[in-house]
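Novice: Got a structure for you, start38.cif, holding mmCIF, C-alpha atoms and all ligand atoms; chains and numbers go by the auth columns.
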```
data_target
loop_
_atom_site.group_PDB
_atom_site.id
_atom_site.type_symbol
_atom_site.label_atom_id
_atom_site.label_comp_id
_atom_site.label_asym_id
_atom_site.label_seq_id
_atom_site.Cartn_x
_atom_site.Cartn_y
_atom_site.Cartn_z
_atom_site.B_iso_or_equiv
_atom_site.auth_seq_id
_atom_site.auth_asym_id
ATOM 1 C CA MET A 1 112.320 95.325 120.988 0.00 241 A
ATOM 2 C CA TYR A 2 109.506 96.575 118.784 0.00 242 A
ATOM 3 C CA ARG A 3 105.798 95.760 118.676 0.00 243 A
ATOM 4 C CA ILE A 4 103.538 96.675 115.773 0.00 244 A
ATOM 5 C CA GLY A 5 99.786 97.224 115.858 0.00 245 A
ATOM 6 C CA GLU A 6 97.135 97.974 113.261 0.00 246 A
ATOM 7 C CA GLY A 7 93.701 99.457 113.715 0.00 247 A
ATOM 8 C CA PHE A 8 90.614 99.985 111.603 0.00 248 A
ATOM 9 C CA ASP A 9 87.295 101.737 112.151 0.00 249 A
ATOM 10 C CA VAL A 10 84.285 102.775 110.121 0.00 250 A
ATOM 11 C CA HIS A 11 81.261 104.903 110.978 0.00 251 A
ATOM 12 C CA ARG A 12 78.067 105.627 109.104 0.00 252 A
ATOM 13 C CA LEU A 13 77.459 109.308 108.318 0.00 253 A
ATOM 14 C CA GLU A 14 74.130 111.088 108.795 0.00 254 A
ATOM 15 C CA SER A 15 72.980 114.689 108.745 0.00 255 A
ATOM 16 C CA GLY A 16 72.657 116.481 112.054 0.00 256 A
ATOM 17 C CA ARG A 17 75.648 114.673 113.616 0.00 257 A
ATOM 18 C CA ARG A 18 79.050 115.918 114.669 0.00 258 A
ATOM 19 C CA LEU A 19 81.996 115.032 112.413 0.00 259 A
ATOM 20 C CA LEU A 20 84.964 114.654 114.737 0.00 260 A
ATOM 21 C CA ILE A 21 88.145 113.236 113.204 0.00 261 A
ATOM 22 C CA GLY A 22 91.487 113.090 114.994 0.00 262 A
ATOM 23 C CA CYS A 23 90.033 115.083 117.931 0.00 263 A
ATOM 24 C CA VAL A 24 89.170 117.977 115.592 0.00 264 A
ATOM 25 C CA ASP A 25 85.646 119.139 114.694 0.00 265 A
ATOM 26 C CA ILE A 26 85.310 119.152 110.901 0.00 266 A
ATOM 27 C CA PRO A 27 82.628 121.483 109.503 0.00 267 A
ATOM 28 C CA ALA A 28 80.387 119.222 107.381 0.00 268 A
ATOM 29 C CA PRO A 29 76.694 118.653 106.634 0.00 269 A
ATOM 30 C CA VAL A 30 76.965 115.079 107.960 0.00 270 A
ATOM 31 C CA GLY A 31 78.608 113.454 110.978 0.00 271 A
ATOM 32 C CA SER A 32 79.356 110.067 112.539 0.00 272 A
ATOM 33 C CA VAL A 33 76.659 107.774 113.885 0.00 273 A
ATOM 34 C CA ALA A 34 78.175 106.374 117.080 0.00 274 A
ATOM 35 C CA HIS A 35 77.671 105.651 120.760 0.00 275 A
ATOM 36 C CA SER A 36 80.756 107.656 121.734 0.00 276 A
ATOM 37 C CA ASP A 37 81.858 110.875 120.009 0.00 277 A
ATOM 38 C CA GLY A 38 82.320 108.857 116.789 0.00 278 A
ATOM 39 C CA ASP A 39 85.933 109.841 116.156 0.00 279 A
ATOM 40 C CA VAL A 40 86.809 107.227 113.536 0.00 280 A
ATOM 41 C CA LEU A 41 90.519 108.078 113.482 0.00 281 A
ATOM 42 C CA ALA A 42 90.910 108.110 117.262 0.00 282 A
ATOM 43 C CA HIS A 43 89.210 104.700 117.417 0.00 283 A
ATOM 44 C CA ALA A 44 91.504 103.208 114.768 0.00 284 A
ATOM 45 C CA VAL A 45 94.547 104.596 116.617 0.00 285 A
ATOM 46 C CA VAL A 46 93.329 103.145 119.938 0.00 286 A
ATOM 47 C CA ASP A 47 92.920 99.716 118.314 0.00 287 A
ATOM 48 C CA ALA A 48 96.412 99.950 116.818 0.00 288 A
ATOM 49 C CA LEU A 49 97.919 100.820 120.215 0.00 289 A
ATOM 50 C CA LEU A 50 95.997 98.062 122.019 0.00 290 A
ATOM 51 C CA GLY A 51 96.863 95.568 119.284 0.00 291 A
ATOM 52 C CA ALA A 52 100.579 96.310 119.549 0.00 292 A
ATOM 53 C CA ILE A 53 100.605 95.348 123.217 0.00 293 A
ATOM 54 C CA GLY A 54 98.165 92.440 122.925 0.00 294 A
ATOM 55 C CA GLU A 55 95.466 94.201 124.965 0.00 295 A
ATOM 56 C CA GLY A 56 92.491 93.393 122.755 0.00 296 A
ATOM 57 C CA ASP A 57 90.453 96.174 121.224 0.00 297 A
ATOM 58 C CA ILE A 58 88.536 99.340 122.031 0.00 298 A
ATOM 59 C CA GLY A 59 85.268 97.441 122.535 0.00 299 A
ATOM 60 C CA ARG A 60 86.837 95.323 125.287 0.00 300 A
ATOM 61 C CA HIS A 61 88.068 98.339 127.246 0.00 301 A
ATOM 62 C CA PHE A 62 85.132 100.654 126.490 0.00 302 A
ATOM 63 C CA PRO A 63 82.068 98.490 125.724 0.00 303 A
ATOM 64 C CA PRO A 64 79.555 100.450 123.595 0.00 304 A
ATOM 65 C CA GLU A 65 76.701 99.071 125.733 0.00 305 A
ATOM 66 C CA ASP A 66 78.202 100.774 128.812 0.00 306 A
ATOM 67 C CA PRO A 67 76.328 104.082 129.394 0.00 307 A
ATOM 68 C CA ARG A 68 79.564 105.613 130.749 0.00 308 A
ATOM 69 C CA TRP A 69 80.858 105.838 127.177 0.00 309 A
ATOM 70 C CA LYS A 70 77.750 107.470 125.685 0.00 310 A
ATOM 71 C CA ASP A 71 79.013 110.520 123.758 0.00 311 A
ATOM 72 C CA ALA A 72 82.404 109.897 125.423 0.00 312 A
ATOM 73 C CA ASP A 73 85.335 112.072 124.399 0.00 313 A
ATOM 74 C CA SER A 74 87.691 109.763 122.476 0.00 314 A
ATOM 75 C CA ARG A 75 90.655 111.522 124.078 0.00 315 A
ATOM 76 C CA ILE A 76 89.780 109.417 127.151 0.00 316 A
ATOM 77 C CA PHE A 77 90.228 106.261 125.045 0.00 317 A
ATOM 78 C CA LEU A 78 93.495 107.547 123.553 0.00 318 A
ATOM 79 C CA ALA A 79 94.886 108.469 126.978 0.00 319 A
ATOM 80 C CA GLU A 80 93.980 105.052 128.392 0.00 320 A
ATOM 81 C CA ALA A 81 95.574 103.246 125.436 0.00 321 A
ATOM 82 C CA ALA A 82 98.724 105.381 125.872 0.00 322 A
ATOM 83 C CA ARG A 83 98.733 104.576 129.598 0.00 323 A
ATOM 84 C CA LEU A 84 98.543 100.846 128.839 0.00 324 A
ATOM 85 C CA VAL A 85 101.385 101.122 126.302 0.00 325 A
ATOM 86 C CA ALA A 86 103.532 102.843 128.951 0.00 326 A
ATOM 87 C CA ALA A 87 102.522 100.184 131.528 0.00 327 A
ATOM 88 C CA HIS A 88 103.893 97.590 129.091 0.00 328 A
ATOM 89 C CA GLY A 89 107.215 99.484 129.030 0.00 329 A
ATOM 90 C CA GLY A 90 106.467 100.872 125.594 0.00 330 A
ATOM 91 C CA ARG A 91 106.592 104.229 123.877 0.00 331 A
ATOM 92 C CA VAL A 92 105.291 105.262 120.482 0.00 332 A
ATOM 93 C CA ALA A 93 108.099 105.109 117.909 0.00 333 A
ATOM 94 C CA ASN A 94 105.735 106.352 115.187 0.00 334 A
ATOM 95 C CA LEU A 95 102.142 106.199 114.087 0.00 335 A
ATOM 96 C CA ASP A 96 100.816 106.362 110.533 0.00 336 A
ATOM 97 C CA SER A 97 97.172 106.580 109.542 0.00 337 A
ATOM 98 C CA THR A 98 94.783 107.134 106.656 0.00 338 A
ATOM 99 C CA VAL A 99 91.269 108.588 106.751 0.00 339 A
ATOM 100 C CA ILE A 100 89.009 107.766 103.809 0.00 340 A
ATOM 101 C CA LEU A 101 86.243 110.333 103.405 0.00 341 A
ATOM 102 C CA GLU A 102 84.573 111.587 100.247 0.00 342 A
ATOM 103 C CA ARG A 103 83.954 115.134 101.440 0.00 343 A
ATOM 104 C CA PRO A 104 84.882 117.606 102.794 0.00 344 A
ATOM 105 C CA LYS A 105 88.593 117.680 102.043 0.00 345 A
ATOM 106 C CA LEU A 106 90.553 117.001 105.233 0.00 346 A
ATOM 107 C CA ALA A 107 93.928 118.389 104.132 0.00 347 A
ATOM 108 C CA PRO A 108 93.406 121.826 105.782 0.00 348 A
ATOM 109 C CA HIS A 109 92.672 120.108 109.118 0.00 349 A
ATOM 110 C CA ILE A 110 95.563 117.647 109.195 0.00 350 A
ATOM 111 C CA PRO A 111 98.043 119.855 111.127 0.00 351 A
ATOM 112 C CA ALA A 112 95.441 120.409 113.886 0.00 352 A
ATOM 113 C CA MET A 113 94.556 116.696 113.886 0.00 353 A
ATOM 114 C CA ARG A 114 98.222 115.688 114.268 0.00 354 A
ATOM 115 C CA ALA A 115 98.676 118.132 117.149 0.00 355 A
ATOM 116 C CA ALA A 116 95.477 117.023 118.879 0.00 356 A
ATOM 117 C CA LEU A 117 96.167 113.286 118.528 0.00 357 A
ATOM 118 C CA ALA A 118 99.738 113.739 119.746 0.00 358 A
ATOM 119 C CA ALA A 119 98.526 115.772 122.738 0.00 359 A
ATOM 120 C CA ALA A 120 95.986 113.076 123.641 0.00 360 A
ATOM 121 C CA LEU A 121 98.696 110.415 123.399 0.00 361 A
ATOM 122 C CA GLY A 122 101.394 112.487 125.112 0.00 362 A
ATOM 123 C CA CYS A 123 103.825 112.147 122.213 0.00 363 A
ATOM 124 C CA ASN A 124 105.594 114.434 119.755 0.00 364 A
ATOM 125 C CA PRO A 125 103.370 115.476 116.793 0.00 365 A
ATOM 126 C CA ALA A 126 106.325 114.671 114.516 0.00 366 A
ATOM 127 C CA LEU A 127 105.699 110.978 115.339 0.00 367 A
ATOM 128 C CA VAL A 128 102.069 111.166 114.162 0.00 368 A
ATOM 129 C CA SER A 129 101.257 110.935 110.453 0.00 369 A
ATOM 130 C CA ILE A 130 97.748 111.412 109.057 0.00 370 A
ATOM 131 C CA LYS A 131 96.859 111.037 105.405 0.00 371 A
ATOM 132 C CA ALA A 132 93.499 111.715 103.747 0.00 372 A
ATOM 133 C CA LYS A 133 92.002 109.952 100.753 0.00 373 A
ATOM 134 C CA SER A 134 88.690 110.024 98.934 0.00 374 A
ATOM 135 C CA ALA A 135 87.099 106.805 97.669 0.00 375 A
ATOM 136 C CA GLU A 136 86.824 108.181 94.117 0.00 376 A
ATOM 137 C CA GLY A 137 83.040 107.929 94.283 0.00 377 A
ATOM 138 C CA LEU A 138 83.107 104.169 94.861 0.00 378 A
ATOM 139 C CA GLY A 139 81.032 102.252 97.397 0.00 379 A
ATOM 140 C CA ALA A 140 79.396 103.578 100.553 0.00 380 A
ATOM 141 C CA ILE A 141 82.321 105.869 101.374 0.00 381 A
ATOM 142 C CA GLY A 142 82.317 107.244 97.837 0.00 382 A
ATOM 143 C CA ALA A 143 78.591 107.933 98.191 0.00 383 A
ATOM 144 C CA GLY A 144 79.296 109.970 101.332 0.00 384 A
ATOM 145 C CA GLU A 145 77.488 107.456 103.554 0.00 385 A
ATOM 146 C CA ALA A 146 80.483 106.436 105.686 0.00 386 A
ATOM 147 C CA VAL A 147 83.970 107.358 106.854 0.00 387 A
ATOM 148 C CA GLU A 148 86.801 104.901 107.431 0.00 388 A
ATOM 149 C CA ALA A 149 90.164 105.117 109.157 0.00 389 A
ATOM 150 C CA ARG A 150 93.192 102.861 109.311 0.00 390 A
ATOM 151 C CA ALA A 151 96.188 103.204 111.588 0.00 391 A
ATOM 152 C CA VAL A 152 99.458 101.414 112.158 0.00 392 A
ATOM 153 C CA VAL A 153 101.705 102.058 115.114 0.00 393 A
ATOM 154 C CA LEU A 154 105.211 100.984 116.043 0.00 394 A
ATOM 155 C CA ILE A 155 105.913 100.669 119.769 0.00 395 A
ATOM 156 C CA GLU A 156 109.448 100.561 121.103 0.00 396 A
ATOM 157 C CA VAL A 157 109.606 98.425 124.258 0.00 397 A
ATOM 158 C CA SER A 158 112.464 98.755 126.718 0.00 398 A
ATOM 159 C CA ASP A 159 113.216 95.780 128.964 0.00 399 A
HETATM 160 MG MG MG B . 84.376 103.725 116.222 0.00 401 A
#
```
Show me this structure written as C-alpha cells.
Ligand code: MG

Specialist:
Amino acid sequence: MYRIGEGFDVHRLESGRRLLIGCVDIPAPVGSVAHSDGDVLAHAVVDALLGAIGEGDIGRHFPPEDPRWKDADSRIFLAEAARLVAAHGGRVANLDSTVILERPKLAPHIPAMRAALAAALGCNPALVSIKAKSAEGLGAIGAGEAVEARAVVLIEVSD
C-alpha cells in the first residue's frame, strides 16, 4: 500500500540571517526569518512526511512557541518525521521537491542538499529529488524577500 504526502513552507528573507536550505548553508547576503533554523526545504519535507501518515503538521509536533525549538536544527524534525513514518510501517519510496528562490542560484548546492536530506531521513540519496526555480522577478519571492519550498513524498507501507 502507498501513502502520498505534500508539504509547503515559506520564509521571509532578511539580511544578517543564515540561509539554510536542505540542511546546507548557502552563502547569501540574506537568510530566513524563523524561530527554528529556518530551513524552508526541510520544513516542507517534514510536512509531506507527516501528511502521508496522517500525523498533522510540523507545528503540531514542534510548536514555534515552544522555546525548545528556538534555533532548532531541522535535522531533528526530519529524524522525528522519519521515525514516525517507520512507526507507521512505512518507508520512503521517493521524495520530490522544489525550492523557489530568486538568488543565489542553488544548482551548485543540490548534490550536497540531497545527501544531507537523505542522511537526516536515513534513506538513499537516489530517492531524494530537489529542483530549484527562480520566480522570474515576480512577487515577493521574485523581489528576493522570501523563499518557498514544496515537497511531495510517496511512502510504501507494509502490512
Ligand atoms: Mg518553516

Novice: Check the smallest atom-to-atom distance from each of A:His283, A:Arg257, A:Arg252, A:Arg300 to ligand MG 401 (chain A) using only C-alpha atoms and all ligand atoms, then report the winner.

Specialist: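 Checking each candidate against ligand MG 401 (chain A), we get A:His283 as the closest.
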
Novice: Taking (107.8, 107.0, 122.2) in the file's coordinates as the center, which residues reach within 8 Å of it, counting all atoms listed in the file, put as a short mmCIF file (atom, residue, chain, number, x, y, z; two decimals) with C-alpha atoms, in the coordinates of the input?

Specialist:
```
data_model
loop_
_atom_site.label_atom_id
_atom_site.label_comp_id
_atom_site.auth_asym_id
_atom_site.auth_seq_id
_atom_site.Cartn_x
_atom_site.Cartn_y
_atom_site.Cartn_z
CA GLY A 330 106.47 100.87 125.59
CA ARG A 331 106.59 104.23 123.88
CA VAL A 332 105.29 105.26 120.48
CA ALA A 333 108.10 105.11 117.91
CA ASN A 334 105.74 106.35 115.19
CA CYS A 363 103.82 112.15 122.21
CA ILE A 395 105.91 100.67 119.77
CA GLU A 396 109.45 100.56 121.10
#
```

Novice: List the spatial neighbours of A:Ala372 as a list of chain:residue names - criterion: any atom at most 8 Å away, only C-alpha atoms, same-chain residues fewer than 5 positions off excluded.

Specialist: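 The filter keeps A:Thr338, A:Val339, A:Ile340, A:Leu341, A:Lys345, A:Leu346, A:Ala347.
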
Novice: Got a sec to resolve the PyMOL selection byres (((not hetatm)) within 6 of (chain A and resi 401)) on this structure and send the residues as a count of residues only?

Specialist: 4

Novice: Kindly resolve the PyMOL selection byres (((chain A and resi 366) around 10) and not hetatm) on the present coordinates and return the residues as a list in words.

Specialist: Asn334, Leu335, Arg354, Ala355, Ala358, Cys363, Asn364, Pro365, Leu367, Val368 and Ser369 of chain A

Novice: Applied to the shown file, which residues does the PyMOL selection byres (((chain A and resi 375-388) around 10) and not hetatm) return, written as a VMD selection string?

Specialist: chain A and resid 248 to 255 259 261 270 to 273 279 to 281 284 338 to 344 373 to 374 389 to 390

Novice: Since the input lacks atoms, please generate N, CA and C atoms for stretch 326-362 of chain A and provide them as a short mmCIF file (atom, residue, chain, number, x, y, z; two decimals), keeping the file's coordinate frame.

Specialist:
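Produced file part17.cif, reproduced below:
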```
data_model
loop_
_atom_site.label_atom_id
_atom_site.label_comp_id
_atom_site.auth_asym_id
_atom_site.auth_seq_id
_atom_site.Cartn_x
_atom_site.Cartn_y
_atom_site.Cartn_z
N ALA A 326 102.46 102.49 128.00
CA ALA A 326 103.53 102.84 128.95
C ALA A 326 103.65 101.77 130.04
N ALA A 327 102.51 101.23 130.49
CA ALA A 327 102.52 100.18 131.53
C ALA A 327 103.21 98.91 131.02
N HIS A 328 103.20 98.73 129.70
CA HIS A 328 103.89 97.59 129.09
C HIS A 328 105.36 97.93 128.79
N GLY A 329 105.83 99.08 129.27
CA GLY A 329 107.22 99.48 129.03
C GLY A 329 107.43 100.03 127.63
N GLY A 330 106.35 100.43 126.98
CA GLY A 330 106.47 100.87 125.59
C GLY A 330 106.35 102.37 125.43
N ARG A 331 106.83 102.84 124.28
CA ARG A 331 106.59 104.23 123.88
C ARG A 331 106.38 104.22 122.37
N VAL A 332 105.61 105.20 121.91
CA VAL A 332 105.29 105.26 120.48
C VAL A 332 106.55 105.66 119.71
N ALA A 333 106.98 104.77 118.80
CA ALA A 333 108.10 105.11 117.91
C ALA A 333 107.56 105.95 116.75
N ASN A 334 106.46 105.52 116.16
CA ASN A 334 105.74 106.35 115.19
C ASN A 334 104.37 105.75 114.92
N LEU A 335 103.52 106.59 114.38
CA LEU A 335 102.14 106.20 114.09
C LEU A 335 101.81 106.75 112.71
N ASP A 336 101.25 105.91 111.86
CA ASP A 336 100.82 106.36 110.53
C ASP A 336 99.35 105.98 110.35
N SER A 337 98.61 106.83 109.67
CA SER A 337 97.17 106.58 109.54
C SER A 337 96.63 107.16 108.24
N THR A 338 95.48 106.64 107.84
CA THR A 338 94.78 107.13 106.66
C THR A 338 93.30 107.26 106.98
N VAL A 339 92.72 108.39 106.63
CA VAL A 339 91.27 108.59 106.75
C VAL A 339 90.70 108.60 105.34
N ILE A 340 89.64 107.82 105.13
CA ILE A 340 89.01 107.77 103.81
C ILE A 340 87.61 108.38 103.94
N LEU A 341 87.47 109.53 103.30
CA LEU A 341 86.24 110.33 103.40
C LEU A 341 86.04 111.03 102.07
N GLU A 342 84.81 111.00 101.58
CA GLU A 342 84.57 111.59 100.25
C GLU A 342 84.61 113.11 100.29
N ARG A 343 83.94 113.68 101.30
CA ARG A 343 83.95 115.13 101.44
C ARG A 343 83.60 115.50 102.88
N PRO A 344 84.02 116.59 103.42
CA PRO A 344 84.88 117.61 102.79
C PRO A 344 86.34 117.15 102.75
N LYS A 345 87.15 117.93 102.08
CA LYS A 345 88.59 117.68 102.04
C LYS A 345 89.17 117.88 103.45
N LEU A 346 90.00 116.93 103.88
CA LEU A 346 90.55 117.00 105.23
C LEU A 346 91.91 117.68 105.28
N ALA A 347 92.55 117.87 104.14
CA ALA A 347 93.93 118.39 104.13
C ALA A 347 94.11 119.63 105.01
N PRO A 348 93.18 120.62 104.96
CA PRO A 348 93.41 121.83 105.78
C PRO A 348 93.40 121.55 107.28
N HIS A 349 92.81 120.42 107.69
CA HIS A 349 92.67 120.11 109.12
C HIS A 349 93.78 119.20 109.65
N ILE A 350 94.60 118.67 108.76
CA ILE A 350 95.56 117.65 109.20
C ILE A 350 96.57 118.17 110.23
N PRO A 351 97.11 119.39 110.08
CA PRO A 351 98.04 119.86 111.13
C PRO A 351 97.39 119.90 112.52
N ALA A 352 96.15 120.36 112.59
CA ALA A 352 95.44 120.41 113.89
C ALA A 352 95.15 119.00 114.40
N MET A 353 94.82 118.08 113.49
CA MET A 353 94.56 116.70 113.89
C MET A 353 95.82 116.03 114.44
N ARG A 354 96.95 116.27 113.78
CA ARG A 354 98.22 115.69 114.27
C ARG A 354 98.53 116.21 115.67
N ALA A 355 98.37 117.53 115.84
CA ALA A 355 98.68 118.13 117.15
C ALA A 355 97.74 117.59 118.22
N ALA A 356 96.46 117.46 117.89
CA ALA A 356 95.48 117.02 118.88
C ALA A 356 95.67 115.55 119.25
N LEU A 357 95.93 114.71 118.24
CA LEU A 357 96.17 113.29 118.53
C LEU A 357 97.43 113.12 119.37
N ALA A 358 98.48 113.84 119.00
CA ALA A 358 99.74 113.74 119.75
C ALA A 358 99.54 114.21 121.19
N ALA A 359 98.78 115.27 121.38
CA ALA A 359 98.53 115.77 122.74
C ALA A 359 97.76 114.73 123.55
N ALA A 360 96.77 114.09 122.93
CA ALA A 360 95.99 113.08 123.64
C ALA A 360 96.84 111.87 124.00
N LEU A 361 97.83 111.58 123.16
CA LEU A 361 98.70 110.42 123.40
C LEU A 361 99.93 110.77 124.24
N GLY A 362 100.20 112.06 124.38
CA GLY A 362 101.39 112.49 125.11
C GLY A 362 102.67 112.20 124.35
#
```
